[in-house]
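Asks: Pasting final-v3.txt below, which is compact mmCIF, C-alpha atoms and all ligand atoms.
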```
# COMPACT_ATOMS: atom_id res chain seq x y z
CA MET Q 3 14.77 -133.14 -38.00
CA VAL Q 4 12.57 -131.95 -40.82
CA SER Q 5 9.48 -131.61 -38.67
CA GLY Q 6 11.50 -129.60 -36.07
CA ARG Q 7 12.71 -127.04 -38.64
CA PHE Q 8 9.18 -126.68 -39.93
CA ALA Q 9 7.83 -126.02 -36.48
CA ARG Q 10 10.32 -123.14 -35.92
CA ALA Q 11 9.45 -121.58 -39.29
CA LYS Q 12 5.79 -121.65 -38.39
CA ALA Q 13 6.43 -119.98 -35.11
CA ARG Q 14 8.44 -117.18 -36.80
CA ALA Q 15 5.60 -116.54 -39.23
CA ALA Q 16 3.15 -116.20 -36.35
CA ALA Q 17 5.32 -113.64 -34.53
CA PRO Q 18 3.99 -110.08 -34.64
CA ARG Q 19 5.51 -107.79 -37.24
CA SER Q 20 6.09 -104.15 -36.65
CA GLY Q 21 4.54 -101.32 -38.66
CA LEU Q 22 1.13 -102.89 -38.98
CA SER Q 23 -0.83 -100.75 -36.61
CA CYS Q 24 -0.91 -97.00 -36.02
CA SER Q 25 -0.80 -97.16 -32.21
CA LEU Q 26 1.50 -98.64 -29.53
CA ARG Q 27 1.02 -102.31 -29.60
CA MET Q 28 1.75 -104.25 -26.45
CA THR Q 29 3.90 -107.32 -26.92
CA ASN Q 30 5.36 -109.74 -24.44
CA ASP Q 31 8.41 -107.46 -24.25
CA PRO Q 32 8.37 -104.51 -21.84
CA ILE Q 33 8.97 -102.10 -24.73
CA PRO Q 34 6.31 -102.14 -27.39
CA ASN Q 35 7.24 -101.67 -30.99
CA LEU Q 36 6.47 -98.27 -32.50
CA THR Q 37 4.12 -98.18 -35.42
CA ALA Q 38 4.22 -94.44 -36.09
CA PHE Q 39 7.10 -91.97 -35.91
CA ASP Q 40 5.34 -88.60 -36.04
CA SER Q 41 5.96 -86.14 -33.20
CA ALA Q 42 2.70 -86.78 -31.39
CA ALA Q 43 3.23 -90.53 -31.35
CA LEU Q 44 6.85 -90.16 -30.24
CA ASP Q 45 5.92 -87.68 -27.48
CA LYS Q 46 3.27 -90.01 -26.19
CA ALA Q 47 5.56 -93.04 -26.26
CA PHE Q 48 8.45 -91.29 -24.56
CA ALA Q 49 6.16 -89.58 -22.01
CA ALA Q 50 4.93 -93.01 -20.92
CA LEU Q 51 8.48 -94.19 -20.37
CA LYS Q 52 9.40 -90.97 -18.56
CA LYS Q 53 6.47 -91.40 -16.22
CA GLN Q 54 7.38 -94.99 -15.56
CA ALA Q 55 11.01 -94.10 -14.82
CA GLN Q 56 9.89 -91.43 -12.35
CA GLN Q 57 7.50 -93.81 -10.66
CA ASP Q 58 10.21 -96.45 -10.39
CA ALA Q 59 12.67 -93.91 -8.97
CA ALA Q 60 10.19 -92.52 -6.44
CA ALA Q 61 9.86 -95.96 -4.85
CA LEU Q 62 13.60 -96.43 -4.37
CA GLY Q 63 15.22 -96.74 -0.97
CA ALA Q 64 17.54 -99.63 -0.22
CA PRO Q 65 20.79 -99.94 -2.21
CA GLU Q 66 19.54 -103.23 -3.72
CA ALA Q 67 16.48 -101.44 -5.07
CA VAL Q 68 18.71 -98.78 -6.60
CA GLU Q 69 20.77 -101.49 -8.29
CA ALA Q 70 17.58 -103.14 -9.55
CA PHE Q 71 16.48 -99.80 -10.99
CA ARG Q 72 19.84 -99.44 -12.73
CA LEU Q 73 19.59 -102.94 -14.21
CA LYS Q 74 16.00 -102.45 -15.32
CA TRP Q 75 16.72 -99.20 -17.13
CA LEU Q 76 20.38 -99.18 -18.00
CA GLY Q 77 21.30 -102.88 -18.06
CA ARG Q 78 23.50 -103.74 -21.05
CA LYS Q 79 21.34 -106.53 -22.41
CA GLN Q 80 17.89 -106.47 -20.86
CA GLY Q 81 17.77 -102.77 -19.96
CA LEU Q 82 14.72 -100.83 -21.13
CA LEU Q 83 16.84 -98.14 -22.72
CA ASN Q 84 18.74 -100.72 -24.68
CA ASP Q 85 15.38 -102.04 -25.82
CA VAL Q 86 14.20 -98.57 -26.77
CA SER Q 87 17.36 -98.04 -28.72
CA SER Q 88 17.00 -101.20 -30.75
CA ARG Q 89 13.21 -101.16 -31.17
CA TRP Q 90 12.57 -97.45 -31.69
CA LEU Q 91 15.77 -95.74 -32.68
CA LYS Q 92 17.14 -98.36 -35.05
CA ALA Q 93 13.71 -99.15 -36.44
CA ALA Q 94 12.83 -95.54 -37.15
CA PRO Q 95 12.66 -94.48 -40.80
CA ALA Q 96 15.53 -92.19 -41.88
CA ASP Q 97 13.47 -88.99 -41.66
CA ALA Q 98 12.33 -89.78 -38.08
CA LYS Q 99 15.78 -90.80 -36.70
CA LYS Q 100 16.59 -87.34 -35.46
CA ALA Q 101 13.27 -86.88 -33.63
CA VAL Q 102 13.57 -90.26 -31.92
CA GLY Q 103 17.27 -89.65 -31.11
CA GLU Q 104 16.58 -86.36 -29.36
CA ARG Q 105 13.83 -87.84 -27.22
CA PHE Q 106 15.92 -90.90 -26.46
CA LYS Q 107 18.81 -88.73 -25.31
CA LYS Q 108 16.54 -86.78 -22.95
CA LEU Q 109 15.06 -89.94 -21.51
CA LYS Q 110 18.50 -91.41 -20.92
CA GLU Q 111 19.63 -88.26 -19.14
CA LEU Q 112 16.54 -88.37 -16.95
CA VAL Q 113 17.13 -92.00 -15.99
CA GLU Q 114 20.79 -91.31 -15.22
CA ARG Q 115 19.90 -88.32 -13.06
CA LEU Q 116 17.24 -90.29 -11.19
CA LEU Q 117 19.82 -93.00 -10.57
CA ASP Q 118 22.41 -90.46 -9.36
CA GLU Q 119 19.93 -88.94 -6.94
CA ALA Q 120 18.78 -92.30 -5.64
CA SER Q 121 22.31 -93.61 -5.11
CA GLY Q 122 23.38 -90.42 -3.39
CA SER Q 123 26.38 -89.88 -5.66
CA GLY Q 124 25.00 -86.55 -6.77
CA PRO Q 125 23.22 -83.96 -4.65
CA SER Q 126 19.57 -83.33 -5.38
CA ASP Q 127 18.47 -80.07 -6.91
CA ALA Q 128 16.93 -79.05 -3.59
CA ALA Q 129 20.17 -79.72 -1.75
CA LEU Q 130 22.14 -77.72 -4.29
CA ALA Q 131 19.72 -74.82 -3.99
CA ALA Q 132 20.04 -74.86 -0.19
CA GLU Q 133 23.83 -74.71 -0.45
CA ALA Q 134 23.90 -71.97 -3.03
CA ILE Q 135 26.37 -69.21 -2.24
CA ASP Q 136 26.04 -65.63 -3.30
CA ILE Q 137 29.58 -65.05 -4.51
CA THR Q 138 28.97 -61.31 -4.76
CA LEU Q 139 28.73 -61.02 -0.95
CA PRO Q 140 31.89 -60.08 0.96
CA GLY Q 141 33.45 -63.13 2.60
CA THR Q 142 33.86 -63.90 6.29
CA ARG Q 143 37.23 -62.49 7.28
CA ARG Q 144 39.33 -64.86 9.32
CA LEU Q 145 41.93 -63.31 11.59
CA THR Q 146 45.46 -64.51 11.05
CA GLY Q 147 47.32 -65.55 14.17
CA ALA Q 148 50.57 -63.78 14.95
CA GLU Q 149 53.33 -64.01 17.52
CA HIS Q 150 52.91 -61.80 20.56
CA PRO Q 151 55.60 -59.08 20.48
CA ILE Q 152 57.14 -60.52 23.66
CA THR Q 153 57.27 -64.02 22.20
CA ARG Q 154 58.70 -62.64 18.98
CA THR Q 155 61.41 -60.70 20.81
CA MET Q 156 62.23 -63.71 22.98
CA ASN Q 157 62.54 -65.91 19.89
CA GLU Q 158 64.80 -63.36 18.20
CA ILE Q 159 67.14 -63.31 21.18
CA VAL Q 160 67.16 -67.09 21.40
CA SER Q 161 67.90 -67.46 17.68
CA VAL Q 162 70.97 -65.20 17.97
CA PHE Q 163 72.44 -67.53 20.57
CA ALA Q 164 71.19 -70.67 18.83
CA ALA Q 165 73.36 -69.61 15.88
CA LEU Q 166 76.33 -69.61 18.28
CA GLY Q 167 75.63 -73.22 19.25
CA TYR Q 168 73.53 -72.61 22.37
CA SER Q 169 70.62 -74.90 23.10
CA VAL Q 170 67.41 -73.88 24.89
CA GLY Q 171 66.78 -74.74 28.55
CA VAL Q 172 63.42 -74.54 30.31
CA GLY Q 173 62.26 -75.13 33.86
CA PRO Q 174 59.30 -74.74 36.20
CA GLU Q 175 57.79 -71.36 37.03
CA VAL Q 176 56.90 -72.59 40.52
CA GLU Q 177 60.36 -73.21 41.95
CA THR Q 178 61.90 -74.25 45.25
CA ASP Q 179 63.77 -71.84 47.46
CA TYR Q 180 66.89 -73.96 46.88
CA TYR Q 181 67.00 -73.57 43.09
CA ASN Q 182 65.77 -70.00 42.98
CA PHE Q 183 68.00 -68.64 45.77
CA GLU Q 184 70.26 -70.92 47.77
CA SER Q 185 72.01 -72.68 44.89
CA MET Q 186 72.37 -69.33 43.12
CA ASN Q 187 74.43 -68.17 46.10
CA PHE Q 188 71.69 -66.25 47.92
CA PRO Q 189 72.07 -67.84 51.39
CA PRO Q 190 69.00 -67.87 53.69
CA GLY Q 191 68.66 -64.53 55.44
CA HIS Q 192 71.17 -62.86 53.13
CA PRO Q 193 70.31 -59.24 52.24
CA ALA Q 194 70.82 -60.05 48.53
CA ARG Q 195 67.37 -61.70 48.69
CA ASP Q 196 65.82 -58.33 49.45
CA THR Q 197 66.62 -57.18 45.89
CA GLN Q 198 64.04 -59.63 44.55
CA ASP Q 199 60.70 -59.14 46.30
CA THR Q 200 59.32 -62.66 46.04
CA LEU Q 201 55.82 -64.15 45.78
CA VAL Q 202 55.83 -67.30 47.89
CA VAL Q 203 53.29 -70.13 48.04
CA ALA Q 204 51.39 -69.94 51.36
CA GLY Q 205 51.18 -72.59 54.12
CA GLN Q 206 54.64 -74.18 53.84
CA GLU Q 207 56.08 -73.14 57.18
CA ARG Q 208 56.61 -76.76 58.22
CA ARG Q 209 58.84 -77.54 55.27
CA PRO Q 210 62.59 -76.96 55.38
CA GLN Q 211 63.30 -73.58 53.84
CA ARG Q 212 65.12 -74.98 50.82
CA ASP Q 213 62.01 -76.99 49.81
CA ARG Q 214 59.52 -74.14 50.13
CA LEU Q 215 57.79 -73.19 46.87
CA LEU Q 216 57.79 -69.74 45.31
CA LEU Q 217 57.22 -68.13 41.93
CA ARG Q 218 60.67 -67.95 40.39
CA THR Q 219 62.09 -64.43 40.42
CA HIS Q 220 64.53 -65.10 37.58
CA THR Q 221 65.24 -67.89 35.08
CA SER Q 222 68.58 -68.61 36.80
CA PRO Q 223 67.31 -71.77 38.59
CA VAL Q 224 67.35 -73.46 35.17
CA GLN Q 225 71.14 -72.91 35.10
CA MET Q 226 71.47 -75.11 38.20
CA ARG Q 227 68.92 -77.67 36.96
CA THR Q 228 70.81 -77.98 33.68
CA MET Q 229 74.23 -78.34 35.33
CA GLU Q 230 72.86 -81.03 37.65
CA LEU Q 231 71.76 -83.01 34.59
CA GLU Q 232 74.70 -82.44 32.25
CA PRO Q 233 78.43 -82.33 32.83
CA PRO Q 234 80.35 -79.50 31.16
CA PRO Q 235 80.65 -78.18 28.50
CA VAL Q 236 77.28 -76.42 28.66
CA ARG Q 237 75.92 -73.67 26.45
CA ILE Q 238 72.27 -72.83 27.05
CA VAL Q 239 69.87 -69.93 26.75
CA ILE Q 240 66.87 -69.90 29.05
CA PRO Q 241 63.83 -67.94 27.95
CA GLY Q 242 60.95 -67.76 30.40
CA LYS Q 243 58.39 -66.04 32.55
CA VAL Q 244 59.30 -64.74 36.01
CA HIS Q 245 57.38 -63.06 38.84
CA ARG Q 246 58.18 -60.45 41.45
CA ASN Q 247 56.06 -58.63 43.98
CA GLU Q 248 56.37 -55.26 42.26
CA ALA Q 249 53.90 -52.42 41.99
CA ASP Q 250 52.89 -52.14 38.33
CA ASP Q 251 53.82 -48.91 36.58
CA ALA Q 252 54.88 -47.86 33.07
CA THR Q 253 58.18 -49.75 33.28
CA HIS Q 254 57.49 -52.41 35.93
CA SER Q 255 55.24 -55.45 35.88
CA SER Q 256 54.85 -58.16 38.52
CA MET Q 257 55.12 -60.69 35.68
CA PHE Q 258 57.75 -60.35 33.00
CA HIS Q 259 60.16 -62.36 30.86
CA GLN Q 260 63.87 -62.99 30.86
CA VAL Q 261 66.40 -64.67 28.64
CA GLU Q 262 69.40 -65.95 30.53
CA GLY Q 263 72.50 -67.57 29.13
CA LEU Q 264 75.09 -69.89 30.61
CA CYS Q 265 78.36 -71.04 29.10
CA VAL Q 266 80.65 -73.44 31.00
CA ASP Q 267 83.79 -75.08 29.71
CA THR Q 268 87.51 -75.18 30.38
CA ASN Q 269 89.32 -71.86 29.90
CA ILE Q 270 86.25 -69.66 29.49
CA THR Q 271 87.40 -66.11 30.16
CA PHE Q 272 85.89 -62.69 30.65
CA SER Q 273 86.87 -61.75 27.09
CA ASP Q 274 84.71 -64.65 25.82
CA LEU Q 275 81.81 -63.11 27.71
CA LYS Q 276 82.51 -59.67 26.31
CA GLY Q 277 82.89 -60.91 22.74
CA THR Q 278 79.74 -63.04 22.92
CA LEU Q 279 77.58 -60.21 24.21
CA ASP Q 280 79.05 -57.67 21.78
CA HIS Q 281 78.20 -60.02 18.91
CA ALA Q 282 74.69 -60.66 20.28
CA MET Q 283 73.89 -56.95 20.69
CA LYS Q 284 75.08 -56.24 17.14
CA ALA Q 285 72.95 -59.13 15.85
CA LEU Q 286 69.90 -57.80 17.71
CA PHE Q 287 70.23 -54.04 17.21
CA GLY Q 288 72.48 -53.60 14.17
CA SER Q 289 76.20 -53.77 13.43
CA SER Q 290 76.88 -50.16 14.40
CA VAL Q 291 75.88 -50.76 18.05
CA LYS Q 292 78.73 -50.53 20.57
CA THR Q 293 78.81 -52.19 23.99
CA ARG Q 294 80.53 -51.27 27.21
CA LEU Q 295 80.67 -52.88 30.65
CA PHE Q 296 80.38 -51.40 34.12
CA PRO Q 297 81.21 -53.10 37.41
CA SER Q 298 78.10 -54.43 39.14
CA PHE Q 299 77.02 -57.05 41.68
CA PHE Q 300 75.05 -60.26 41.37
CA PRO Q 301 75.28 -63.05 43.96
CA PHE Q 302 75.80 -65.77 41.33
CA THR Q 303 78.59 -64.12 39.32
CA GLU Q 304 82.00 -62.80 40.27
CA PRO Q 305 83.10 -60.44 38.85
CA SER Q 306 79.77 -59.03 37.65
CA ALA Q 307 79.02 -56.31 35.14
CA ASP Q 308 76.18 -54.26 33.70
CA VAL Q 309 76.20 -54.07 29.91
CA GLN Q 310 75.32 -50.82 28.16
CA ILE Q 311 74.79 -50.42 24.43
CA SER Q 312 75.18 -47.20 22.46
CA CYS Q 313 71.75 -45.54 22.17
CA ILE Q 314 69.92 -47.06 19.18
CA PHE Q 315 67.78 -43.92 18.86
CA CYS Q 316 70.47 -41.22 18.62
CA GLY Q 317 73.52 -43.35 17.80
CA GLY Q 318 75.28 -42.12 20.94
CA LYS Q 319 74.85 -38.33 20.49
CA GLY Q 320 72.44 -38.05 23.41
CA CYS Q 321 68.62 -37.89 23.37
CA ARG Q 322 65.61 -38.08 25.66
CA LYS Q 323 65.50 -41.90 25.46
CA CYS Q 324 69.06 -42.27 26.75
CA LYS Q 325 68.75 -39.30 29.10
CA GLN Q 326 71.39 -37.48 27.01
CA SER Q 327 74.05 -40.03 27.99
CA GLY Q 328 74.28 -41.79 24.61
CA TRP Q 329 74.12 -45.18 26.37
CA ILE Q 330 71.32 -47.54 27.39
CA GLU Q 331 71.73 -50.16 30.10
CA LEU Q 332 70.41 -53.46 28.82
CA LEU Q 333 71.63 -56.53 30.67
CA GLY Q 334 73.59 -58.03 33.51
CA CYS Q 335 76.39 -60.54 33.25
CA GLY Q 336 79.48 -61.97 34.91
CA MET Q 337 81.75 -64.95 35.45
CA VAL Q 338 79.95 -67.79 37.25
CA ASP Q 339 80.71 -67.63 40.98
CA PRO Q 340 82.72 -70.67 42.20
CA ALA Q 341 80.11 -71.08 44.96
CA VAL Q 342 77.49 -71.83 42.27
CA PHE Q 343 79.74 -74.47 40.71
CA ALA Q 344 80.17 -75.99 44.18
CA PHE Q 345 76.38 -76.48 44.41
CA ALA Q 346 76.33 -78.04 40.93
CA ALA Q 347 79.24 -80.31 41.88
CA GLU Q 348 77.09 -81.93 44.58
CA LYS Q 349 75.41 -83.85 41.75
CA GLN Q 350 77.92 -83.47 38.91
CA PRO Q 351 81.47 -83.59 40.27
CA ALA Q 352 82.83 -82.39 36.91
CA TYR Q 353 81.83 -78.84 37.92
CA ASP Q 354 85.04 -78.41 39.83
CA PRO Q 355 85.70 -74.67 40.07
CA LYS Q 356 89.45 -75.36 39.89
CA LYS Q 357 89.11 -77.03 36.47
CA ILE Q 358 86.29 -75.24 34.72
CA SER Q 359 85.00 -71.71 34.35
CA GLY Q 360 82.02 -70.03 32.75
CA PHE Q 361 79.96 -66.94 32.27
CA ALA Q 362 76.30 -66.09 32.62
CA PHE Q 363 74.12 -63.22 31.47
CA GLY Q 364 70.50 -62.22 31.67
CA MET Q 365 68.24 -59.68 30.03
CA GLY Q 366 64.69 -58.50 30.37
CA VAL Q 367 62.63 -59.24 27.25
CA GLU Q 368 60.04 -56.49 27.84
CA ARG Q 369 62.70 -53.80 28.04
CA ILE Q 370 64.17 -54.88 24.69
CA ALA Q 371 60.73 -55.20 23.09
CA MET Q 372 59.78 -51.72 24.34
CA MET Q 373 62.92 -50.29 22.76
CA LYS Q 374 62.52 -52.17 19.49
CA TYR Q 375 58.83 -51.30 19.01
CA GLY Q 376 58.68 -47.91 20.73
CA VAL Q 377 56.25 -49.05 23.43
CA SER Q 378 56.13 -46.68 26.41
CA ASP Q 379 53.91 -48.65 28.82
CA ILE Q 380 54.87 -52.23 29.72
CA GLY Q 381 51.25 -52.94 30.77
CA GLN Q 382 50.12 -52.75 27.14
CA PHE Q 383 51.85 -56.05 26.41
CA PHE Q 384 49.58 -57.88 28.87
CA SER Q 385 46.34 -55.91 28.70
CA GLY Q 386 44.95 -58.09 25.90
CA ASP Q 387 43.86 -54.98 23.99
CA MET Q 388 43.55 -56.15 20.40
CA ARG Q 389 44.03 -52.62 19.06
CA PHE Q 390 47.52 -52.71 20.51
CA LEU Q 391 48.32 -56.27 19.45
CA TRP Q 392 47.05 -55.83 15.89
CA GLN Q 393 49.97 -53.51 15.25
CA PHE Q 394 52.29 -56.51 15.47
CA ALA Q 395 50.20 -58.93 13.40
ZN ZN Y 401 69.88 -41.56 22.72
```
Could you write out this structure as structure tokens?
Ligand SMILES: [Zn+2]
Replies:
Amino acid sequence: MVSGRFARAKARAAAPRSGLSCSLRMTNDPIPNLTAFDSAALDKAFAALKKQAQQDAAALGAPEAVEAFRLKWLGRKQGLLNDVSSRWLKAAPADAKKAVGERFKKLKELVERLLDEASGSGPSDAALAAEAIDITLPGTRRLTGAEHPITRTMNEIVSVFAALGYSVGVGPEVETDYYNFESMNFPPGHPARDTQDTLVVAGQERRPQRDRLLLRTHTSPVQMRTMELEPPPVRIVIPGKVHRNEADDATHSSMFHQVEGLCVDTNITFSDLKGTLDHAMKALFGSSVKTRLFPSFFPFTEPSADVQISCIFCGGKGCRKCKQSGWIELLGCGMVDPAVFAFAAEKQPAYDPKKISGFAFGMGVERIAMMKYGVSDIGQFFSGDMRFLWQFA
């Protein structure tokens, strides 16, 4: 025991002591002890470490190497910076503490930055410079999307009826002769078909007429498609695109949009129709708008009527827009023809014309949009001219 203690004491006495020499003295440890604390000595000592850190960092690549770098420099126990702290900072005389501390802080920041760059957690200075933005330049203006005026008008009409409990029905634009005409009480060869100049799909002469395809001339086929799927009661509005073989001019387009409505239940009367449309026109054009009905003809309604509203431009006094009449014709309507219910009853027997009744109406969206926004040429809606469309954005 005694000899062992003696041996350790001898070894301690042989260990190097700091402060004996005026230059860096290499020991077995990676960090040599400092023997002088003047600026020149400190600069030299710290510059050596800085150079070594940069050399170490320059050789980094794989994540394991980065971790090894971190352990070598920043490790809690064996890290070089920890060593520097205990051997240089703590050992420094009181008047040199500040000088060592400042240099130590800079070295630590350098090592941390090198580590950040190597591990990719922080962008390099070069990358930051490449991404620099001149915030004094005007930005890139991004255009905001907006509803097309036709879509907007169509949605407004639909929302008026949605508030009354109507749901929305949709159907195909390429329709069969049966749904577009026959089931809507336009029999084959009937002159009523001449009122809707139709674009038909070519090369179908071999098919039975009711199966031949055409571009729907109105959204009415969706009435029949809905009734075939659902027994009464039915309340739907049908917004959609329709096509007719018309020559384009300021008020006509071969492609346009309609919103149709259908209401079927027991005891639906003409006064229900009148009240519904009067409410809808007031909701769309303002509470002071009046409505009146004129006898008309549509194959799928009986009786049928044209609806006029008091001129929204002059309030009914008479102006150029209403041709001095004070009234503007806006939509068609009527009580659903029993013949239409008979077609629906082929698939849904509940549409028995003796037990149920209903009304239907339809309006052109372009005509209403032109009135609302003061557009004089229907073609402007579809020309794609941004100068026109921007007015509605
Ligand atoms: Zn007027």
Asks: For a test of reading the model, state the distance in Å between atom CA of Ala346 of chain Q and atom CA of Met365 of chain Q, rounded to one decimal.
Replies: 22.8 Å
Asks: With all atoms listed in the file as the basis for distance, which of Q:Ser385, Q:Thr221, Q:Gln326, Q:Gly366 is at the shortest distance from ligand ZN 401 (chain Y)?
Replies: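 That would be Q:Gln326, the residue with the smallest distance to ligand ZN 401 (chain Y).
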Asks: Which is closest to Glu177 of chain Q among Q:Arg115, Q:Lys110, Q:Arg212, Q:His192, if we use all atoms listed in the file?
Replies: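 The answer is Q:Arg212, which sits nearest to Glu177 of chain Q.
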Asks: Would you please work out which residue, of Q:Lys53, Q:Arg322, Q:Lys356, Q:Lys92, is nearest to ligand ZN 401 (chain Y) when using only C-alpha atoms and all ligand atoms?
Replies: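 Of Q:Lys53, Q:Arg322, Q:Lys356, Q:Lys92, the one nearest ligand ZN 401 (chain Y), counting only C-alpha atoms and all ligand atoms, is Q:Arg322.
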Asks: For ligand ZN 401 (chain Y), return the neighbouring residues as a tab-separated table (two decimals) with C-alpha atoms, keeping the file's coordinate frame (distance at most 8 Å; all atoms listed in the file).
Replies:
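Wrote it out as out.tsv, contents follow:
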```tsv
chain	number	residue	atom	x	y	z
Q	312	SER	CA	75.18	-47.20	22.46
Q	313	CYS	CA	71.75	-45.54	22.17
Q	314	ILE	CA	69.92	-47.06	19.18
Q	315	PHE	CA	67.78	-43.92	18.86
Q	316	CYS	CA	70.47	-41.22	18.62
Q	317	GLY	CA	73.52	-43.35	17.80
Q	318	GLY	CA	75.28	-42.12	20.94
Q	319	LYS	CA	74.85	-38.33	20.49
Q	320	GLY	CA	72.44	-38.05	23.41
Q	321	CYS	CA	68.62	-37.89	23.37
Q	322	ARG	CA	65.61	-38.08	25.66
Q	323	LYS	CA	65.50	-41.90	25.46
Q	324	CYS	CA	69.06	-42.27	26.75
Q	325	LYS	CA	68.75	-39.30	29.10
Q	326	GLN	CA	71.39	-37.48	27.01
Q	327	SER	CA	74.05	-40.03	27.99
Q	328	GLY	CA	74.28	-41.79	24.61
Q	329	TRP	CA	74.12	-45.18	26.37
Q	330	ILE	CA	71.32	-47.54	27.39
```
Asks: Within 7 Å of (10.4, -85.8, -34.2), only C-alpha atoms: residues as JSON, numbers by chain?
Replies: {"Q": [40, 41, 44, 98, 100, 101, 102]}
Asks: Write out as a list in words each polymer residue whose atoms come within 9 Å of Pro65 of chain Q, counting only C-alpha atoms; drop sequence neighbours fewer than 5 positions from it.
Replies: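 Using only C-alpha atoms, the neighbours found are Ala70, Ala120 and Ser121 of chain Q.
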Asks: Next, write the just-selected residues to a file, as a tab-separated table (two decimals), in the coordinates of the input, keeping C-alpha atoms as the atom set.
Replies:
```
chain	number	residue	atom	x	y	z
Q	70	ALA	CA	17.58	-103.14	-9.55
Q	120	ALA	CA	18.78	-92.30	-5.64
Q	121	SER	CA	22.31	-93.61	-5.11
```
Asks: Enclose the full set of atoms of segment 315-322 of chain Q listed in the file within a box whose edges lie along x, y and z, apply 8 Å of padding to each of the six sides, and report centre and edge lengths in Å to one decimal as lines of an AutoDock Vina configuration file.
Replies:
```
center_x = 70.4
center_y = -40.9
center_z = 21.7
size_x = 25.7
size_y = 22.0
size_z = 23.9
```
Asks: Tell me which protein, DNA and RNA residues are within 12 Å of segment 273-283 of chain Q, counting all atoms listed in the file, leaving out same-chain ones fewer than 3 positions away, and put them as a count of residues only.
Replies: 59
Asks: Between atom CA of Gly103 of chain Q and atom CA of Ala50 of chain Q, what is the spacing in Å?
Replies: 16.4 Å
Asks: Pick out the closest residue to Thr197 of chain Q from this set: Q:Trp90, Q:Glu184, Q:Glu248, Q:Thr153. Count only C-alpha atoms.
Replies: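 With only C-alpha atoms as the atom set, the closest residue is Q:Glu248.
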